[in-house]
Amino acid sequence: MKIRILLIDDASFIRDLIKRTLRKYLPQCEIIEGADGRKAQSILGRQPIDLILSDWEMPGLSGEELLQWVRADEKLAHIPFVMITSLGGKEHIMRAVQAGVSDYLGKPFTGEELMQKVNKALIKSGKLTKSASSSAAKGGPFSSLEILSGKGDGMPGGSLEALTGGAKPKEKEAPKLKGTALVLWGKIEFRCMIKAISIEEVLLVCKRGAEHPSVFAQTTVTLSPGNQAGKAISDLRAYVHSISAVEKRPDAEFLNLLLRFDNPGEEQRALLSSFILENP
């Protein structure tokens, strides 16, 4: 029996990561996706859904507004709804609980944490048995969200060590995600997650594309802490110091991209310092 999961997030990069983890550890699921709450409403109006995974901050109709709409509709109110967001403060959690959220998962998170929430919701609703969920509950060493949160392979040549100021951390001490980045290379854009950052350089994870920059290629970077677009640092010039596949296989879907900033001005250095202090 197919389990239909509705995945809503305005960041296609995040949707790709979540889909990859779901398909690996819950192969019997069918994933229907959308970029905002309005799209979710349209999907829910025309086909049955067993679980909703939704971001909070989205244009048009937010995750909170979508949750309220779902709970107000007697035909949909029973559907488990898991909110996935970087808005992890007590106030936001309480608002989600009051609106009727089934569970809450803060970004960043590992594949194991995602699957625990998904399995819990599906078991509670009767769509999945505990025995069927046992293998899916464990994220593997290369589940996509573990890669992003620093539990996959490190950068070659000690780059990650240079960024973190010491020896490569053990798995339990792996650095957390520190926000998002938009890298512009010529006319091609790469939406990335920030894995580590210093005044001199930033280590990113991005999805592999048909083309990607080579070492020494010039780029322009915009950095945003979490979902706080208003605090973004724009137009940082940088060059590619190194690039490598995250997974040790030729069909790896994700890349480690280490960029070194190209002589940032005094104002940009101050903004970078503030960014680093506020996102330790």
# chains A, B, ... in the order shown; residues from 1 in each chain; ligands from 1

$ select_by_dssp --residues "region 2-145 of chain A" --states "strand (DSSP E or B)" --output "number ranges by chain"
A: 3-8, 29-34, 51-54, 81-85, 103-106

$ residues_around --residues "Leu182 (chain A)" --least-positions-apart "3" --cutoff "12 Å" --atoms "only C-alpha atoms" --output "number ranges by chain"
A: 11, 13, 179, 185, 188-194, 204-206, 219-225, 229, 232-237

$ residues_around --residues "Ile243 (chain A)" --least-positions-apart "6" --cutoff "10 Å" --atoms "only C-alpha atoms" --output "CSV table (one decimal) with N, CA and C atoms, in the first residue's frame"
chain,number,residue,atom,x,y,z
A,155,MET,N,35.8,17.6,3.9
A,155,MET,CA,36.5,18.1,2.7
A,155,MET,C,37.9,17.5,2.6
A,156,PRO,N,38.4,17.3,1.4
A,156,PRO,CA,39.8,16.8,1.3
A,156,PRO,C,40.8,17.8,1.6
A,203,LEU,N,32.3,27.0,3.7
A,203,LEU,CA,32.2,25.7,3.2
A,203,LEU,C,30.7,25.4,3.0
A,204,LEU,N,30.3,25.1,1.8
A,204,LEU,CA,28.9,24.9,1.4
A,204,LEU,C,28.7,23.5,0.9
A,205,VAL,N,27.4,23.1,1.0
A,205,VAL,CA,26.9,21.8,0.3
A,205,VAL,C,25.8,22.2,-0.6
A,212,HIS,N,29.1,22.9,-13.2
A,212,HIS,CA,29.5,23.5,-11.9
A,212,HIS,C,30.9,24.1,-12.1
A,213,PRO,N,31.2,25.1,-11.2
A,213,PRO,CA,32.4,25.9,-11.4
A,213,PRO,C,33.6,25.0,-11.0
A,214,SER,N,34.7,25.3,-11.7
A,214,SER,CA,36.0,24.7,-11.4
A,214,SER,C,36.8,25.5,-10.4
A,215,VAL,N,37.9,24.9,-9.9
A,215,VAL,CA,38.8,25.6,-9.0
A,215,VAL,C,39.2,26.9,-9.6
A,255,LEU,N,27.6,18.2,-3.6
A,255,LEU,CA,29.0,18.6,-3.7
A,255,LEU,C,29.3,19.4,-2.5
A,256,ASN,N,30.6,19.3,-2.0
A,256,ASN,CA,31.2,20.2,-1.1
A,256,ASN,C,31.9,21.3,-1.9
A,257,LEU,N,31.5,22.5,-1.6
A,257,LEU,CA,32.1,23.7,-2.3
A,257,LEU,C,32.7,24.6,-1.3
A,258,LEU,N,34.1,24.7,-1.3
A,258,LEU,CA,34.8,25.6,-0.4
A,258,LEU,C,35.1,26.9,-1.2
A,259,LEU,N,34.6,28.0,-0.7
A,259,LEU,CA,34.8,29.3,-1.4
A,259,LEU,C,35.7,30.2,-0.5

$ atom_distance --atom1 "CA of Lys248 (chain A)" --atom2 "CA of Glu200 (chain A)"
27.3 Å

$ atom_distance --atom1 "CA of Ile79 (chain A)" --atom2 "CA of Asp50 (chain A)"
6.0 Å

$ atom_distance --atom1 "CA of Leu184 (chain A)" --atom2 "CA of Arg20 (chain A)"
24.9 Å

$ residues_around --residues "Arg71 (chain A)" --least-positions-apart "2" --cutoff "12 Å" --atoms "only C-alpha atoms" --output "count of residues only"
23

$ residues_around --residues "Cys29 (chain A)" --least-positions-apart "5" --cutoff "8 Å" --atoms "only C-alpha atoms" --output "list in words"
Lys2, Ile3, Arg4, Ile5, Leu22 and Arg23 of chain A

$ write_last_selection --atoms "C-alpha atoms" --output "CSV table (one decimal), in the first residue's frame"
chain,number,residue,atom,x,y,z
A,2,LYS,CA,1.4,3.4,-1.0
A,3,ILE,CA,1.8,6.0,1.6
A,4,ARG,CA,1.2,9.5,0.2
A,5,ILE,CA,3.3,12.2,1.7
A,22,LEU,CA,12.2,9.4,2.5
A,23,ARG,CA,12.7,7.3,-0.7

$ closest_residue --among "A:Gly209, A:Tyr104, A:Gln218, A:Leu272" --to "Asp251 (chain A)" --atoms "only C-alpha atoms"
A:Gly209

$ closest_residue --among "A:Ile199, A:Ser62, A:Ile123, A:Glu253" --to "Gly265 (chain A)" --atoms "only C-alpha atoms"
A:Ile199

$ decode --residues "region 215-263 of chain A" --atoms "N, CA and C atoms" --output "mmCIF file, in the first residue's frame"
data_model
loop_
_atom_site.group_PDB
_atom_site.id
_atom_site.type_symbol
_atom_site.label_atom_id
_atom_site.label_comp_id
_atom_site.auth_asym_id
_atom_site.auth_seq_id
_atom_site.Cartn_x
_atom_site.Cartn_y
_atom_site.Cartn_z
ATOM 1 N N VAL A 215 37.896 24.879 -9.921
ATOM 2 C CA VAL A 215 38.775 25.554 -8.964
ATOM 3 C C VAL A 215 39.245 26.887 -9.551
ATOM 4 N N PHE A 216 39.251 27.929 -8.733
ATOM 5 C CA PHE A 216 39.641 29.307 -9.068
ATOM 6 C C PHE A 216 38.556 30.093 -9.816
ATOM 7 N N ALA A 217 37.415 29.460 -10.113
ATOM 8 C CA ALA A 217 36.331 30.199 -10.775
ATOM 9 C C ALA A 217 35.826 31.315 -9.867
ATOM 10 N N GLN A 218 35.506 32.461 -10.458
ATOM 11 C CA GLN A 218 35.015 33.623 -9.709
ATOM 12 C C GLN A 218 33.504 33.497 -9.499
ATOM 13 N N THR A 219 33.043 33.800 -8.294
ATOM 14 C CA THR A 219 31.626 33.716 -7.966
ATOM 15 C C THR A 219 31.203 34.939 -7.144
ATOM 16 N N THR A 220 29.895 35.125 -7.031
ATOM 17 C CA THR A 220 29.315 36.117 -6.130
ATOM 18 C C THR A 220 28.382 35.378 -5.185
ATOM 19 N N VAL A 221 28.469 35.707 -3.890
ATOM 20 C CA VAL A 221 27.764 34.931 -2.877
ATOM 21 C C VAL A 221 26.859 35.827 -2.032
ATOM 22 N N THR A 222 25.658 35.315 -1.728
ATOM 23 C CA THR A 222 24.765 35.937 -0.746
ATOM 24 C C THR A 222 24.547 34.933 0.375
ATOM 25 N N LEU A 223 24.795 35.355 1.607
ATOM 26 C CA LEU A 223 24.668 34.488 2.773
ATOM 27 C C LEU A 223 23.458 34.893 3.601
ATOM 28 N N SER A 224 22.671 33.910 4.055
ATOM 29 C CA SER A 224 21.510 34.184 4.902
ATOM 30 C C SER A 224 21.534 33.228 6.093
ATOM 31 N N PRO A 225 21.379 33.748 7.313
ATOM 32 C CA PRO A 225 21.317 32.865 8.480
ATOM 33 C C PRO A 225 19.946 32.239 8.614
ATOM 34 N N GLY A 226 19.843 30.921 8.446
ATOM 35 C CA GLY A 226 18.553 30.246 8.554
ATOM 36 C C GLY A 226 17.568 30.808 7.556
ATOM 37 N N ASN A 227 16.357 31.121 8.026
ATOM 38 C CA ASN A 227 15.325 31.696 7.162
ATOM 39 C C ASN A 227 15.262 33.211 7.283
ATOM 40 N N GLN A 228 16.263 33.830 7.888
ATOM 41 C CA GLN A 228 16.226 35.258 8.145
ATOM 42 C C GLN A 228 16.788 36.031 6.965
ATOM 43 N N ALA A 229 15.998 36.136 5.916
ATOM 44 C CA ALA A 229 16.459 36.780 4.683
ATOM 45 C C ALA A 229 16.823 38.242 4.916
ATOM 46 N N GLY A 230 16.183 38.879 5.898
ATOM 47 C CA GLY A 230 16.451 40.295 6.163
ATOM 48 C C GLY A 230 17.850 40.550 6.676
ATOM 49 N N LYS A 231 18.536 39.507 7.144
ATOM 50 C CA LYS A 231 19.887 39.659 7.672
ATOM 51 C C LYS A 231 20.930 39.122 6.701
ATOM 52 N N ALA A 232 20.581 39.011 5.443
ATOM 53 C CA ALA A 232 21.489 38.455 4.446
ATOM 54 C C ALA A 232 22.661 39.399 4.174
ATOM 55 N N ILE A 233 23.802 38.800 3.830
ATOM 56 C CA ILE A 233 24.976 39.548 3.382
ATOM 57 C C ILE A 233 25.086 39.314 1.884
ATOM 58 N N SER A 234 24.966 40.378 1.108
ATOM 59 C CA SER A 234 24.897 40.242 -0.350
ATOM 60 C C SER A 234 26.201 40.633 -1.037
ATOM 61 N N ASP A 235 26.360 40.143 -2.264
ATOM 62 C CA ASP A 235 27.419 40.566 -3.195
ATOM 63 C C ASP A 235 28.821 40.361 -2.648
ATOM 64 N N LEU A 236 29.048 39.252 -1.982
ATOM 65 C CA LEU A 236 30.401 38.906 -1.550
ATOM 66 C C LEU A 236 31.128 38.232 -2.715
ATOM 67 N N ARG A 237 32.252 38.775 -3.106
ATOM 68 C CA ARG A 237 33.054 38.158 -4.172
ATOM 69 C C ARG A 237 33.901 37.045 -3.567
ATOM 70 N N ALA A 238 33.945 35.913 -4.274
ATOM 71 C CA ALA A 238 34.711 34.772 -3.782
ATOM 72 C C ALA A 238 35.175 33.931 -4.959
ATOM 73 N N TYR A 239 36.183 33.102 -4.719
ATOM 74 C CA TYR A 239 36.602 32.168 -5.764
ATOM 75 C C TYR A 239 36.556 30.749 -5.199
ATOM 76 N N VAL A 240 36.447 29.777 -6.084
ATOM 77 C CA VAL A 240 36.362 28.374 -5.681
ATOM 78 C C VAL A 240 37.747 27.883 -5.278
ATOM 79 N N HIS A 241 37.891 27.545 -4.019
ATOM 80 C CA HIS A 241 39.171 27.026 -3.522
ATOM 81 C C HIS A 241 39.261 25.515 -3.731
ATOM 82 N N SER A 242 38.138 24.822 -3.516
ATOM 83 C CA SER A 242 38.109 23.389 -3.783
ATOM 84 C C SER A 242 36.663 22.945 -3.973
ATOM 85 N N ILE A 243 36.491 21.851 -4.688
ATOM 86 C CA ILE A 243 35.165 21.279 -4.925
ATOM 87 C C ILE A 243 35.313 19.767 -4.954
ATOM 88 N N SER A 244 34.377 19.063 -4.315
ATOM 89 C CA SER A 244 34.469 17.605 -4.272
ATOM 90 C C SER A 244 33.087 17.003 -4.095
ATOM 91 N N ALA A 245 32.969 15.733 -4.444
ATOM 92 C CA ALA A 245 31.721 15.007 -4.206
ATOM 93 C C ALA A 245 31.598 14.705 -2.722
ATOM 94 N N VAL A 246 30.402 14.819 -2.193
ATOM 95 C CA VAL A 246 30.181 14.508 -0.780
ATOM 96 C C VAL A 246 30.300 13.009 -0.542
ATOM 97 N N GLU A 247 29.683 12.224 -1.425
ATOM 98 C CA GLU A 247 29.727 10.775 -1.280
ATOM 99 C C GLU A 247 30.782 10.175 -2.202
ATOM 100 N N LYS A 248 31.356 9.088 -1.785
ATOM 101 C CA LYS A 248 32.445 8.469 -2.528
ATOM 102 C C LYS A 248 31.900 7.537 -3.603
ATOM 103 N N ARG A 249 31.233 8.137 -4.605
ATOM 104 C CA ARG A 249 30.714 7.348 -5.713
ATOM 105 C C ARG A 249 30.484 8.283 -6.900
ATOM 106 N N PRO A 250 30.537 7.764 -8.119
ATOM 107 C CA PRO A 250 30.468 8.637 -9.303
ATOM 108 C C PRO A 250 29.113 9.286 -9.533
ATOM 109 N N ASP A 251 28.054 8.721 -8.939
ATOM 110 C CA ASP A 251 26.731 9.314 -9.130
ATOM 111 C C ASP A 251 26.299 10.147 -7.922
ATOM 112 N N ALA A 252 27.261 10.617 -7.136
ATOM 113 C CA ALA A 252 26.950 11.434 -5.956
ATOM 114 C C ALA A 252 26.088 12.628 -6.352
ATOM 115 N N GLU A 253 25.064 12.910 -5.550
ATOM 116 C CA GLU A 253 24.120 13.981 -5.865
ATOM 117 C C GLU A 253 24.534 15.332 -5.301
ATOM 118 N N PHE A 254 25.462 15.337 -4.330
ATOM 119 C CA PHE A 254 25.783 16.580 -3.644
ATOM 120 C C PHE A 254 27.279 16.871 -3.673
ATOM 121 N N LEU A 255 27.590 18.152 -3.641
ATOM 122 C CA LEU A 255 28.970 18.614 -3.726
ATOM 123 C C LEU A 255 29.345 19.439 -2.498
ATOM 124 N N ASN A 256 30.582 19.277 -2.039
ATOM 125 C CA ASN A 256 31.188 20.197 -1.088
ATOM 126 C C ASN A 256 31.851 21.317 -1.888
ATOM 127 N N LEU A 257 31.532 22.542 -1.554
ATOM 128 C CA LEU A 257 32.075 23.688 -2.281
ATOM 129 C C LEU A 257 32.731 24.622 -1.271
ATOM 130 N N LEU A 258 34.052 24.747 -1.338
ATOM 131 C CA LEU A 258 34.766 25.637 -0.436
ATOM 132 C C LEU A 258 35.138 26.914 -1.188
ATOM 133 N N LEU A 259 34.585 28.040 -0.749
ATOM 134 C CA LEU A 259 34.843 29.332 -1.377
ATOM 135 C C LEU A 259 35.680 30.204 -0.451
ATOM 136 N N ARG A 260 36.674 30.865 -1.021
ATOM 137 C CA ARG A 260 37.453 31.846 -0.256
ATOM 138 C C ARG A 260 37.027 33.239 -0.705
ATOM 139 N N PHE A 261 36.748 34.101 0.279
ATOM 140 C CA PHE A 261 36.300 35.453 -0.028
ATOM 141 C C PHE A 261 37.437 36.257 -0.647
ATOM 142 N N ASP A 262 37.090 37.088 -1.623
ATOM 143 C CA ASP A 262 38.072 37.869 -2.368
ATOM 144 C C ASP A 262 38.113 39.297 -1.826
ATOM 145 N N ASN A 263 38.977 39.511 -0.835
ATOM 146 C CA ASN A 263 39.195 40.836 -0.254
ATOM 147 C C ASN A 263 37.894 41.556 0.119
#
